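Trainee: Below is structure_33.csv; it holds CSV, C-alpha atoms.
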chain,number,residue,atom,x,y,z
D,1,MET,CA,-31.7,-42.7,7.2
D,2,HIS,CA,-31.0,-45.9,5.3
D,3,VAL,CA,-30.0,-45.4,1.6
D,4,ARG,CA,-30.9,-47.9,-1.1
D,5,SER,CA,-28.3,-48.8,-3.8
D,6,ALA,CA,-30.5,-47.3,-6.5
D,7,ARG,CA,-30.4,-43.6,-7.5
D,8,ARG,CA,-31.4,-41.5,-4.4
D,9,THR,CA,-31.4,-38.0,-2.9
D,10,VAL,CA,-30.2,-37.4,0.6
D,11,LEU,CA,-32.0,-34.7,2.6
D,12,LEU,CA,-30.0,-33.2,5.4
D,13,SER,CA,-31.5,-32.2,8.7
D,14,ALA,CA,-32.0,-28.7,10.1
D,15,ALA,CA,-29.0,-26.2,10.0
D,16,LEU,CA,-27.0,-25.2,13.0
D,17,ALA,CA,-28.0,-21.8,14.4
D,18,GLY,CA,-26.6,-18.9,12.3
D,19,GLY,CA,-25.4,-21.2,9.5
D,20,ALA,CA,-26.8,-22.8,6.3
D,21,LEU,CA,-27.5,-26.5,6.0
D,22,LEU,CA,-26.8,-27.8,2.4
D,23,THR,CA,-28.9,-30.2,0.4
D,24,ALA,CA,-26.5,-32.8,-1.0
D,25,CYS,CA,-26.6,-35.1,-4.0
D,26,GLY,CA,-25.4,-38.5,-2.9
D,27,ALA,CA,-22.7,-40.5,-4.7
D,28,GLU,CA,-22.0,-44.2,-4.6
D,29,GLY,CA,-19.3,-45.0,-2.0
D,30,GLY,CA,-19.1,-48.7,-2.9
D,31,SER,CA,-21.3,-51.7,-3.8
D,32,GLN,CA,-22.6,-52.0,-0.2
D,33,ALA,CA,-25.4,-49.7,1.0
D,34,SER,CA,-24.3,-47.2,3.7
D,35,ASP,CA,-25.8,-47.5,7.1
D,36,LYS,CA,-24.9,-44.0,8.0
D,37,PRO,CA,-26.4,-40.8,6.8
D,38,ALA,CA,-24.5,-38.4,4.6
D,39,ALA,CA,-22.2,-35.9,6.3
D,40,LYS,CA,-24.0,-32.7,7.4
D,41,VAL,CA,-22.5,-29.4,6.2
D,42,THR,CA,-23.1,-26.0,7.6
D,43,VAL,CA,-22.0,-22.8,5.9
D,44,THR,CA,-21.8,-19.4,7.6
D,45,PRO,CA,-23.0,-16.8,6.5
D,46,ALA,CA,-26.3,-18.6,5.9
D,47,ALA,CA,-27.2,-19.8,2.4
D,48,GLY,CA,-29.8,-17.8,0.7
D,49,SER,CA,-29.1,-14.6,2.8
D,50,LYS,CA,-29.4,-11.4,0.8
D,51,SER,CA,-27.8,-9.2,3.4
D,52,ALA,CA,-25.2,-11.3,5.3
D,53,ALA,CA,-23.3,-9.3,8.0
D,54,LEU,CA,-19.8,-8.0,7.3
D,55,GLY,CA,-16.7,-8.5,9.4
D,56,SER,CA,-16.4,-12.3,9.4
D,57,PRO,CA,-14.8,-15.0,7.2
D,58,ILE,CA,-16.6,-17.7,5.4
D,59,SER,CA,-16.9,-20.7,7.7
D,60,VAL,CA,-17.7,-24.3,6.7
D,61,LYS,CA,-18.3,-27.1,9.3
D,62,VAL,CA,-19.2,-30.7,8.9
D,63,SER,CA,-20.6,-33.3,11.3
D,64,GLY,CA,-20.9,-37.0,10.7
D,65,GLY,CA,-18.0,-37.1,8.3
D,66,SER,CA,-15.2,-35.0,6.9
D,67,LEU,CA,-14.7,-32.4,4.2
D,68,THR,CA,-12.7,-33.6,1.2
D,69,SER,CA,-12.7,-30.3,-0.7
D,70,VAL,CA,-14.1,-26.7,-0.4
D,71,GLU,CA,-14.2,-24.3,-3.3
D,72,ALA,CA,-15.5,-20.8,-2.7
D,73,LYS,CA,-15.8,-18.1,-5.3
D,74,ASP,CA,-17.3,-14.6,-5.6
D,75,GLU,CA,-19.6,-13.4,-8.3
D,76,LYS,CA,-16.7,-12.6,-10.6
D,77,GLY,CA,-15.4,-16.1,-10.4
D,78,GLU,CA,-12.4,-15.1,-8.2
D,79,LYS,CA,-11.4,-17.9,-5.9
D,80,VAL,CA,-11.5,-17.4,-2.2
D,81,GLU,CA,-8.5,-18.8,-0.5
D,82,GLY,CA,-9.0,-20.7,2.8
D,83,ARG,CA,-7.6,-23.4,5.0
D,84,LEU,CA,-8.9,-26.8,6.0
D,85,SER,CA,-8.5,-28.0,9.6
D,86,GLY,CA,-6.2,-30.9,10.3
D,87,ASP,CA,-9.1,-33.2,11.2
D,88,GLY,CA,-11.1,-32.2,8.1
D,89,THR,CA,-14.1,-31.0,10.0
D,90,SER,CA,-13.9,-27.3,9.2
D,91,TRP,CA,-12.7,-24.8,6.6
D,92,THR,CA,-12.2,-21.1,7.0
D,93,SER,CA,-11.5,-18.4,4.4
D,94,ASN,CA,-8.3,-16.5,4.8
D,95,GLY,CA,-10.0,-13.1,4.5
D,96,LYS,CA,-13.4,-11.7,5.5
D,97,VAL,CA,-16.4,-11.3,3.3
D,98,LYS,CA,-16.6,-8.1,1.2
D,99,PRO,CA,-19.5,-5.7,1.0
D,100,ALA,CA,-22.3,-6.2,-1.6
D,101,THR,CA,-20.8,-9.5,-2.9
D,102,THR,CA,-22.4,-12.8,-3.8
D,103,TYR,CA,-20.4,-15.9,-2.8
D,104,THR,CA,-20.9,-19.5,-3.9
D,105,VAL,CA,-19.5,-22.4,-1.8
D,106,HIS,CA,-19.1,-25.9,-3.3
D,107,THR,CA,-18.3,-28.7,-0.8
D,108,LYS,CA,-17.5,-32.4,-1.1
D,109,THR,CA,-17.7,-34.7,1.9
D,110,LYS,CA,-17.4,-38.3,3.1
D,111,ASN,CA,-19.4,-39.9,5.9
D,112,GLY,CA,-18.1,-42.6,8.2
D,113,ASP,CA,-18.8,-45.3,5.6
D,114,GLY,CA,-16.9,-43.4,2.9
D,115,LYS,CA,-20.1,-42.3,1.1
D,116,GLU,CA,-19.4,-39.2,-0.9
D,117,SER,CA,-21.7,-36.1,-1.1
D,118,ALA,CA,-21.5,-32.8,-2.9
D,119,ALA,CA,-23.5,-29.6,-2.3
D,120,ASP,CA,-23.6,-25.8,-3.2
D,121,ALA,CA,-24.6,-22.8,-1.1
D,122,SER,CA,-24.7,-19.1,-2.0
D,123,PHE,CA,-25.3,-15.9,-0.1
D,124,THR,CA,-24.9,-12.1,-0.6
D,125,THR,CA,-23.4,-9.7,1.8
D,126,GLU,CA,-24.9,-6.4,2.9
D,127,LYS,CA,-23.8,-3.1,1.4
D,128,ALA,CA,-21.4,-0.9,3.3
D,129,ASP,CA,-22.6,2.5,4.5
D,130,LYS,CA,-19.1,3.9,3.6
D,131,VAL,CA,-16.3,2.4,1.6
D,132,ASN,CA,-12.7,3.3,2.2
D,133,LYS,CA,-10.3,3.2,-0.8
D,134,LEU,CA,-6.6,3.7,-1.1
D,135,THR,CA,-4.1,5.3,-3.5
D,136,ASN,CA,-0.8,3.5,-3.8
D,137,THR,CA,2.6,5.0,-4.7
D,138,PRO,CA,4.5,3.9,-6.7
D,139,SER,CA,1.9,2.9,-9.3
D,140,ASN,CA,1.8,-0.6,-10.7
D,141,GLY,CA,4.7,-1.3,-13.1
D,142,GLN,CA,6.6,1.9,-12.4
D,143,THR,CA,10.4,2.1,-12.2
D,144,VAL,CA,11.6,4.3,-9.3
D,145,GLY,CA,14.7,5.4,-7.5
D,146,THR,CA,16.5,3.7,-4.7
D,147,GLY,CA,15.0,5.9,-1.9
D,148,MET,CA,11.4,5.2,-2.8
D,149,PRO,CA,9.0,4.1,0.0
D,150,ILE,CA,5.8,2.2,-0.6
D,151,SER,CA,3.2,4.8,0.3
D,152,ILE,CA,-0.5,4.0,0.8
D,153,LEU,CA,-2.9,6.9,1.2
D,154,PHE,CA,-6.4,6.3,2.5
D,155,ASP,CA,-9.5,8.2,1.3
D,156,HIS,CA,-11.0,8.2,4.8
D,157,PRO,CA,-9.6,8.0,8.4
D,158,VAL,CA,-8.3,4.8,9.8
D,159,ALA,CA,-9.2,4.2,13.4
D,160,LYS,CA,-6.1,3.5,15.6
D,161,ASP,CA,-7.6,0.3,17.0
D,162,GLN,CA,-8.0,-1.0,13.4
D,163,ARG,CA,-4.5,-0.2,12.2
D,164,ALA,CA,-2.8,-3.4,13.4
D,165,GLU,CA,-5.3,-5.6,11.5
D,166,ILE,CA,-4.9,-3.5,8.4
D,167,GLN,CA,-1.1,-3.5,8.6
D,168,LYS,CA,-1.0,-7.3,9.1
D,169,SER,CA,-3.1,-7.6,5.9
D,170,LEU,CA,-0.4,-5.9,3.8
D,171,LYS,CA,2.5,-8.0,2.5
D,172,VAL,CA,5.7,-6.9,0.8
D,173,THR,CA,7.7,-9.4,-1.2
D,174,THR,CA,11.1,-8.4,-2.7
D,175,GLN,CA,13.6,-10.1,-5.0
D,176,PRO,CA,16.3,-10.0,-3.7
D,177,GLN,CA,15.1,-10.0,-0.1
D,178,VAL,CA,15.2,-6.6,1.6
D,179,GLU,CA,14.5,-5.7,5.2
D,180,GLY,CA,11.9,-3.1,5.8
D,181,ALA,CA,9.0,-2.0,8.0
D,182,TRP,CA,5.6,-0.4,7.9
D,183,GLY,CA,4.9,2.9,9.6
D,184,TRP,CA,1.8,5.0,10.1
D,185,VAL,CA,2.0,8.6,8.8
D,186,LYS,CA,-0.2,11.7,8.7
D,187,ASP,CA,0.0,12.9,5.1
D,188,TRP,CA,0.5,16.6,4.3
D,189,SER,CA,-3.1,16.6,3.0
D,190,GLY,CA,-4.4,15.6,6.5
D,191,LYS,CA,-5.3,12.0,5.4
D,192,ASP,CA,-4.0,8.8,7.0
D,193,ARG,CA,-1.2,7.0,5.3
D,194,ILE,CA,0.9,3.9,5.8
D,195,ASP,CA,4.4,3.7,4.3
D,196,TRP,CA,6.9,0.8,4.0
D,197,ARG,CA,10.6,1.8,3.8
D,198,PRO,CA,13.6,-0.4,3.5
D,199,LYS,CA,16.1,-0.3,6.4
D,200,ASP,CA,18.7,1.0,3.9
D,201,TYR,CA,18.3,2.2,0.3
D,202,TRP,CA,17.0,-0.3,-2.2
D,203,PRO,CA,19.5,-2.2,-4.3
D,204,SER,CA,19.1,-1.3,-8.0
D,205,GLY,CA,17.1,-3.9,-9.9
D,206,THR,CA,15.0,-5.0,-6.9
D,207,LYS,CA,11.6,-6.4,-7.9
D,208,VAL,CA,8.9,-5.4,-5.4
D,209,SER,CA,5.4,-6.9,-5.0
D,210,VAL,CA,2.7,-5.5,-2.6
D,211,LYS,CA,-0.5,-7.3,-1.7
D,212,GLY,CA,-3.2,-6.0,0.5
D,213,ASP,CA,-5.9,-8.5,1.6
D,214,LEU,CA,-8.1,-5.7,2.8
D,215,GLY,CA,-11.5,-6.6,1.4
D,216,GLY,CA,-14.0,-7.0,4.2
D,217,ILE,CA,-11.9,-5.2,6.9
D,218,ASN,CA,-13.5,-2.3,8.7
D,219,SER,CA,-11.3,0.8,9.0
D,220,GLY,CA,-13.5,2.4,11.7
D,221,LYS,CA,-16.8,4.2,11.9
D,222,ASP,CA,-15.5,7.3,10.2
D,223,GLY,CA,-13.6,5.4,7.5
D,224,GLY,CA,-15.9,2.5,6.4
D,225,TRP,CA,-15.2,-0.9,5.0
D,226,PHE,CA,-12.6,-1.9,2.4
D,227,ALA,CA,-14.5,-3.5,-0.6
D,228,ARG,CA,-11.6,-5.1,-2.4
D,229,ASP,CA,-8.0,-6.5,-2.2
D,230,TYR,CA,-5.0,-4.8,-3.8
D,231,ASP,CA,-2.0,-6.1,-5.7
D,232,PHE,CA,0.7,-4.0,-7.4
D,233,GLY,CA,4.4,-4.1,-8.1
D,234,PHE,CA,7.3,-2.0,-9.2
D,235,THR,CA,11.0,-2.1,-10.0
D,236,ILE,CA,14.0,-0.2,-8.5
D,237,GLY,CA,15.9,1.6,-11.2
D,238,PRO,CA,19.5,2.9,-11.3
D,239,ASP,CA,21.1,4.4,-8.2
D,240,HIS,CA,20.9,8.1,-8.9
D,241,LYS,CA,21.2,10.5,-6.0
D,242,ALA,CA,22.2,14.1,-5.4
D,243,VAL,CA,23.9,16.0,-2.5
D,244,ILE,CA,23.4,19.8,-2.1
D,245,ASP,CA,26.1,21.6,-0.1
D,246,VAL,CA,24.5,24.9,0.8
D,247,PRO,CA,27.6,27.0,1.6
D,248,SER,CA,29.4,26.1,-1.6
D,249,HIS,CA,26.3,26.6,-3.8
D,250,THR,CA,26.7,23.2,-5.4
D,251,MET,CA,24.7,20.1,-6.1
D,252,THR,CA,26.7,16.9,-6.8
D,253,LEU,CA,25.1,14.2,-8.9
D,254,LEU,CA,26.0,10.6,-7.9
D,255,GLU,CA,25.6,7.4,-9.7
D,256,ASP,CA,26.2,4.2,-7.7
D,257,GLY,CA,27.7,6.4,-5.1
D,258,LYS,CA,30.3,8.0,-7.4
D,259,PRO,CA,30.2,11.7,-8.5
D,260,VAL,CA,29.2,12.2,-12.2
D,261,GLY,CA,28.7,15.9,-12.3
D,262,THR,CA,28.3,19.1,-10.3
D,263,ILE,CA,25.7,21.8,-10.7
D,264,ARG,CA,25.9,25.3,-9.3
D,265,GLY,CA,22.8,26.9,-7.9
D,266,SER,CA,21.3,29.1,-5.2
D,267,ALA,CA,19.8,27.5,-2.1
D,268,GLY,CA,17.6,29.3,0.5
D,269,SER,CA,18.5,32.6,2.0
D,270,PRO,CA,19.4,33.1,5.6
D,271,GLN,CA,15.8,34.1,6.2
D,272,ASP,CA,14.4,31.1,4.4
D,273,PRO,CA,17.1,28.4,4.5
D,274,THR,CA,16.7,25.2,2.6
D,275,ARG,CA,15.5,22.3,4.7
D,276,GLY,CA,18.2,19.8,5.6
D,277,GLY,CA,18.3,16.0,5.7
D,278,VAL,CA,17.6,13.4,3.0
D,279,HIS,CA,14.6,14.2,0.8
D,280,THR,CA,12.9,11.9,-1.7
D,281,VAL,CA,11.8,13.1,-5.1
D,282,ARG,CA,8.0,12.8,-5.0
D,283,SER,CA,7.1,14.2,-8.4
D,284,LYS,CA,8.3,16.2,-11.4
D,285,ASN,CA,6.8,18.9,-13.6
D,286,ALA,CA,8.3,20.1,-16.9
D,287,ALA,CA,6.7,23.6,-16.5
D,288,GLU,CA,5.2,25.2,-13.4
D,289,THR,CA,4.2,28.6,-12.0
D,290,MET,CA,5.9,29.5,-8.7
D,291,ASP,CA,3.2,31.1,-6.6
D,292,SER,CA,4.3,32.8,-3.4
D,293,SER,CA,0.9,32.4,-1.7
D,294,THR,CA,1.4,28.6,-1.6
D,295,ILE,CA,4.3,28.9,0.9
D,296,GLY,CA,3.0,31.8,3.0
D,297,HIS,CA,4.5,34.8,1.2
D,298,GLY,CA,1.3,36.3,0.1
D,299,ASN,CA,1.3,37.9,-3.4
D,300,GLU,CA,5.0,38.6,-3.5
D,301,TRP,CA,5.7,36.7,-6.8
D,302,MET,CA,4.2,34.7,-9.6
D,303,LEU,CA,7.1,33.3,-11.7
D,304,ASP,CA,7.2,30.7,-14.5
D,305,SER,CA,9.8,27.9,-14.1
D,306,LYS,CA,10.8,24.9,-16.0
D,307,TRP,CA,12.1,21.4,-15.1
D,308,VAL,CA,10.8,21.4,-11.6
D,309,THR,CA,11.7,18.5,-9.3
D,310,HIS,CA,9.5,18.3,-6.2
D,311,LEU,CA,10.9,17.3,-2.8
D,312,THR,CA,8.7,18.3,0.1
D,313,ALA,CA,4.9,18.8,-0.2
D,314,SER,CA,5.4,22.2,1.4
D,315,GLY,CA,7.4,23.6,-1.5
D,316,THR,CA,11.1,22.6,-1.4
D,317,PHE,CA,11.9,22.1,-5.1
D,318,LEU,CA,14.8,22.0,-7.5
D,319,HIS,CA,14.0,24.2,-10.5
D,320,SER,CA,15.2,26.7,-13.1
D,321,ALA,CA,15.4,30.3,-11.9
D,322,PRO,CA,16.1,32.5,-14.9
D,323,TRP,CA,15.1,35.6,-13.0
D,324,ASN,CA,18.0,35.1,-10.5
D,325,LYS,CA,21.2,36.9,-11.6
D,326,SER,CA,23.3,35.5,-8.7
D,327,ILE,CA,22.9,31.8,-9.3
D,328,GLY,CA,25.8,29.8,-7.9
D,329,VAL,CA,27.1,32.9,-6.1
D,330,VAL,CA,24.5,33.9,-3.5
D,331,ASN,CA,21.9,31.7,-1.6
D,332,ASN,CA,18.9,33.9,-2.0
D,333,SER,CA,15.9,31.7,-2.7
D,334,HIS,CA,12.9,31.1,-0.5
D,335,GLY,CA,14.0,27.5,0.3
D,336,CYS,CA,14.4,25.9,-3.1
D,337,PHE,CA,17.5,25.2,-5.1
D,338,GLY,CA,17.5,27.4,-8.2
D,339,MET,CA,19.6,26.7,-11.3
D,340,THR,CA,20.0,27.8,-14.9
D,341,THR,CA,17.4,26.3,-17.2
D,342,SER,CA,19.9,23.9,-18.8
D,343,ASP,CA,21.2,22.7,-15.4
D,344,ALA,CA,17.6,22.3,-14.1
D,345,LYS,CA,16.8,20.0,-17.0
D,346,ARG,CA,20.0,18.1,-16.3
D,347,ALA,CA,18.9,17.5,-12.7
D,348,TYR,CA,15.4,16.7,-13.9
D,349,ASP,CA,16.5,14.1,-16.3
D,350,PHE,CA,19.0,12.5,-13.9
D,351,LEU,CA,16.8,12.2,-10.8
D,352,THR,CA,13.8,9.8,-11.0
D,353,ILE,CA,10.8,9.6,-8.8
D,354,GLY,CA,12.2,8.0,-5.6
D,355,SER,CA,15.7,9.3,-6.0
D,356,THR,CA,17.1,11.0,-2.9
D,357,VAL,CA,18.5,14.5,-2.5
D,358,GLU,CA,20.5,15.2,0.6
D,359,VAL,CA,20.8,18.8,1.8
D,360,LYS,CA,24.0,19.4,3.9
D,361,ASN,CA,25.3,22.3,6.0
D,362,THR,CA,22.1,24.3,6.0
D,363,THR,CA,21.2,26.8,8.8
D,364,SER,CA,17.6,25.5,8.8
D,365,THR,CA,16.6,24.0,12.1
D,366,LYS,CA,13.1,23.0,10.9
D,367,LYS,CA,12.3,19.3,11.2
D,368,THR,CA,10.6,18.0,8.0
D,369,ASP,CA,7.7,15.8,9.0
D,370,VAL,CA,7.6,12.3,7.3
D,371,GLY,CA,4.2,13.1,5.8
D,372,ASN,CA,5.5,16.3,4.1
D,373,GLY,CA,6.1,14.4,0.9
D,374,LEU,CA,7.8,11.0,0.9
D,375,GLU,CA,10.2,12.0,3.7
D,376,VAL,CA,10.8,8.6,5.3
D,377,TRP,CA,14.6,9.2,5.4
D,378,GLN,CA,14.2,12.1,7.8
D,379,GLU,CA,14.1,9.5,10.6
D,380,THR,CA,16.5,6.9,11.7
D,381,TRP,CA,15.6,3.2,11.4
D,382,GLU,CA,14.9,3.0,15.1
D,383,GLN,CA,12.6,6.0,15.0
D,384,TRP,CA,10.8,4.7,11.9
D,385,GLN,CA,10.1,1.3,13.5
D,386,LYS,CA,8.2,3.0,16.4
D,387,ARG,CA,5.5,4.0,13.8
D,388,SER,CA,4.4,0.5,13.4
D,389,ALA,CA,0.9,-0.4,14.8
D,390,VAL,CA,2.0,-4.1,15.3
D,391,LYS,CA,4.1,-4.4,18.4
As structure tokens, please, write out the structure in this file.
Mentor:
Amino acid sequence: MHVRSARRTVLLSAALAGGALLTACGAEGGSQASDKPAAKVTVTPAAGSKSAALGSPISVKVSGGSLTSVEAKDEKGEKVEGRLSGDGTSWTSNGKVKPATTYTVHTKTKNGDGKESAADASFTTEKADKVNKLTNTPSNGQTVGTGMPISILFDHPVAKDQRAEIQKSLKVTTQPQVEGAWGWVKDWSGKDRIDWRPKDYWPSGTKVSVKGDLGGINSGKDGGWFARDYDFGFTIGPDHKAVIDVPSHTMTLLEDGKPVGTIRGSAGSPQDPTRGGVHTVRSKNAAETMDSSTIGHGNEWMLDSKWVTHLTASGTFLHSAPWNKSIGVVNNSHGCFGMTTSDAKRAYDFLTIGSTVEVKNTTSTKKTDVGNGLEVWQETWEQWQKRSAVK
């Protein structure tokens, strides 16, 4: 089509199959009339669609010219990041389209004569039959101990053939730089989980940022689609750890690797020995009722305790045991480390979420599963790396 130098409208020809052809408003490219038609732009998913299929990125292609800019936004005004090809003939979003979301794509082009054109296209994606959500630990802005993993718990199952894509969409940035790796875990609750642990304990003061470009990714037929991206961060606090030596009935508190105090207590009895290895403090409770039925002992006891520091999900705790008249003399608990009320508070205040508690010289032979709390330090670095879905 020949375009006159006066004000004009350029109509583009039919769209490519599966895409949307945009109607462009022409702009003057110079004093001379252009002998070439405006560049032809196709957007996929198709413009005007009210139920565009999920699972694909936004794609923009041009013929008869080149793209000079592409700006894509969702209905909330959030920018969709993407990349322009080296020859300027295509643009692809970094992520996939999210469920039940309206997108607007604004493009600018030049044809072979340098004539500029601009156009808009919009479409809405279909709703997801099921949406998968996640719960992240630590929470955003939290300060945690030097043994804290990044733990992401999914509401619904994650299919094994989808795990590599999901894992690649998760990015950890640290300052200073810290080596670490993702590993897939079955949580104590039975839900799927992915954790990131550093190779060694975190340096105090480390700033950690986690981004998950998950929106638009399918977690499998039983899990559903992710409807949003995630972004959170946390800080590593002081290096506070503890070491329990079972035979000596002691727990040594360590700051920056140096002993700063010793607490006497009673670990598990020979019948119920305290689980060994390095545990991570997963939560704390100022007051709690110890219920024997929760650890397989029926209705044997129901006792009130204070200053409870939780290690495993199955019930290995540090807590006050005012009913025990042999604290620090006999190991007679059902797997916990019991102390006087004042010492339990001392441990409670010293250890933060993410601090580690190592249990040494126990007679327990039970292996604590990684998903039984935040038990990532129960495995060697080599063992942990085998949990990755990205090979």
Trainee: Give me, as CSV, the closest atom pair and its distance (Å, one decimal) for every residue of region 91-207 of chain D within a cut-off of 12 Å of region 221-233 of chain D, counting all atoms listed in the file, rows sorted by chain and rising number.
Mentor:
residue,atom,partner,partner_atom,distance
D:Gly95,CA,D:Asp229,CA,9.6
D:Lys96,CA,D:Ala227,CA,10.3
D:Val97,CA,D:Ala227,CA,8.9
D:Lys98,CA,D:Ala227,CA,5.4
D:Pro99,CA,D:Ala227,CA,5.7
D:Ala100,CA,D:Ala227,CA,8.3
D:Thr101,CA,D:Ala227,CA,9.0
D:Thr125,CA,D:Ala227,CA,11.1
D:Glu126,CA,D:Trp225,CA,11.3
D:Lys127,CA,D:Ala227,CA,9.5
D:Ala128,CA,D:Trp225,CA,6.4
D:Asp129,CA,D:Gly224,CA,7.0
D:Lys130,CA,D:Gly224,CA,4.5
D:Val131,CA,D:Gly224,CA,4.8
D:Asn132,CA,D:Phe226,CA,5.2
D:Lys133,CA,D:Phe226,CA,6.4
D:Leu134,CA,D:Phe226,CA,8.9
D:Thr135,CA,D:Tyr230,CA,10.1
D:Asn136,CA,D:Phe232,CA,8.5
D:Thr137,CA,D:Phe232,CA,9.6
D:Pro138,CA,D:Gly233,CA,8.1
D:Ser139,CA,D:Phe232,CA,7.3
D:Asn140,CA,D:Phe232,CA,4.9
D:Gly141,CA,D:Gly233,CA,5.7
D:Gln142,CA,D:Gly233,CA,7.7
D:Thr143,CA,D:Gly233,CA,9.6
D:Val144,CA,D:Gly233,CA,11.1
D:Ile150,CA,D:Gly233,CA,9.9
D:Ser151,CA,D:Phe232,CA,12.0
D:Ile152,CA,D:Tyr230,CA,10.9
D:Phe154,CA,D:Gly223,CA,8.8
D:Asp155,CA,D:Gly223,CA,7.9
D:His156,CA,D:Gly223,CA,4.7
D:Pro157,CA,D:Gly223,CA,4.9
D:Val158,CA,D:Gly223,CA,5.8
D:Ala159,CA,D:Gly223,CA,7.5
D:Lys160,CA,D:Gly223,CA,11.2
D:Asp161,CA,D:Lys221,CA,11.2
D:Gln162,CA,D:Lys221,CA,10.3
D:Arg163,CA,D:Gly223,CA,11.7
D:Ile166,CA,D:Phe226,CA,9.9
D:Ser169,CA,D:Asp229,CA,9.5
D:Leu170,CA,D:Tyr230,CA,9.0
D:Lys171,CA,D:Asp231,CA,9.5
D:Val172,CA,D:Gly233,CA,9.4
D:Thr173,CA,D:Gly233,CA,9.3
D:Thr174,CA,D:Gly233,CA,9.6
D:Gln175,CA,D:Gly233,CA,11.4
D:Lys191,CA,D:Gly223,CA,10.8
D:Asp192,CA,D:Gly223,CA,10.2
D:Thr206,CA,D:Gly233,CA,10.7
D:Lys207,CA,D:Gly233,CA,7.6
Trainee: Can you tell me how far CA of Ser49 (chain D) sits from CA of Thr124 (chain D), in Å to one decimal?
Mentor: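 These atoms are spaced 6.0 Å apart.
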Trainee: Name the closest residue to Ala121 (chain D) among the candidates D:Ala53, D:Pro45, D:Gly86, D:Thr146; distances are taken between atoms, counting only C-alpha atoms.
Mentor: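 Ranking D:Ala53, D:Pro45, D:Gly86, D:Thr146 by distance to Ala121 (chain D), first place goes to D:Pro45.
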Trainee: So, counting all atoms listed in the file, which residue among D:Ser320, D:Ser90, D:Ser69, D:Ser204 is closest to Ala347 (chain D)?
Mentor: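 Nearest to Ala347 (chain D): D:Ser320.
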Trainee: Between CA of Val359 (chain D) and CA of Lys199 (chain D), what is the distance in Å, rounded to a tenth?
Mentor: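 Atom-to-atom, CA of Val359 (chain D) to CA of Lys199 (chain D), that is 20.2 Å.
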Trainee: Could you check which of D:Ala46, D:Ala181, D:Ala38, D:Leu214 is closest to Val62 (chain D), using all atoms listed in the file?
Mentor: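 That would be D:Ala38, the residue with the smallest distance to Val62 (chain D).
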Trainee: Restricting the calculation to all atoms listed in the file: of D:Pro176, D:Gly64, D:Pro247, D:Gly276, which residue gets closest to Lys366 (chain D)?
Mentor: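 Counting all atoms listed in the file, the residue closest to Lys366 (chain D) is D:Gly276.
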Trainee: Given the choices D:Ser63, D:Trp377, D:Arg387, D:Gly268, which gets closest to His334 (chain D) if the distance is worked out from all atoms listed in the file?
Mentor: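 Nearest to His334 (chain D): D:Gly268.
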Trainee: One number please: CA of Asp369 (chain D) to CA of Lys186 (chain D), in Å, one decimal.
Mentor: 8.9 Å
Trainee: Could you list, as number ranges by chain, every residue within 12 Å of Gly112 (chain D), counting only C-alpha atoms and ignoring same-chain residues fewer than 3 positions away?
Mentor: D: 29, 34-40, 62-67, 109, 115-117
Trainee: Output requested as a PDB file, in the coordinates of the input - region 151-158 of chain D, filled out with N, CA, C and O atoms.
Mentor:
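Contents of selection-v8.pdb, freshly written:
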ATOM      1  N   SER D 151       4.023   3.816  -0.397  1.00  0.00           N
ATOM      2  CA  SER D 151       3.200   4.800   0.300  1.00  0.00           C
ATOM      3  C   SER D 151       1.706   4.489  -0.046  1.00  0.00           C
ATOM      4  O   SER D 151       1.344   4.486  -1.226  1.00  0.00           O
ATOM      5  N   ILE D 152       0.875   4.257   0.961  1.00  0.00           N
ATOM      6  CA  ILE D 152      -0.500   4.000   0.800  1.00  0.00           C
ATOM      7  C   ILE D 152      -1.361   5.037   1.468  1.00  0.00           C
ATOM      8  O   ILE D 152      -1.305   5.178   2.690  1.00  0.00           O
ATOM      9  N   LEU D 153      -2.107   5.804   0.684  1.00  0.00           N
ATOM     10  CA  LEU D 153      -2.900   6.900   1.200  1.00  0.00           C
ATOM     11  C   LEU D 153      -4.381   6.506   1.197  1.00  0.00           C
ATOM     12  O   LEU D 153      -4.911   6.034   0.185  1.00  0.00           O
ATOM     13  N   PHE D 154      -5.054   6.676   2.325  1.00  0.00           N
ATOM     14  CA  PHE D 154      -6.400   6.300   2.500  1.00  0.00           C
ATOM     15  C   PHE D 154      -7.396   7.433   2.224  1.00  0.00           C
ATOM     16  O   PHE D 154      -7.126   8.569   2.631  1.00  0.00           O
ATOM     17  N   ASP D 155      -8.511   7.135   1.583  1.00  0.00           N
ATOM     18  CA  ASP D 155      -9.500   8.200   1.300  1.00  0.00           C
ATOM     19  C   ASP D 155     -10.128   8.714   2.605  1.00  0.00           C
ATOM     20  O   ASP D 155     -10.395   9.901   2.717  1.00  0.00           O
ATOM     21  N   HIS D 156     -10.374   7.792   3.556  1.00  0.00           N
ATOM     22  CA  HIS D 156     -11.000   8.200   4.800  1.00  0.00           C
ATOM     23  C   HIS D 156     -10.168   7.781   6.001  1.00  0.00           C
ATOM     24  O   HIS D 156      -9.228   6.989   5.870  1.00  0.00           O
ATOM     25  N   PRO D 157     -10.458   8.326   7.178  1.00  0.00           N
ATOM     26  CA  PRO D 157      -9.600   8.000   8.400  1.00  0.00           C
ATOM     27  C   PRO D 157      -9.594   6.552   8.696  1.00  0.00           C
ATOM     28  O   PRO D 157     -10.535   5.801   8.423  1.00  0.00           O
ATOM     29  N   VAL D 158      -8.498   6.146   9.299  1.00  0.00           N
ATOM     30  CA  VAL D 158      -8.300   4.800   9.800  1.00  0.00           C
ATOM     31  C   VAL D 158      -8.207   4.831  11.295  1.00  0.00           C
ATOM     32  O   VAL D 158      -7.289   5.460  11.830  1.00  0.00           O
TER      33      VAL D 158
END
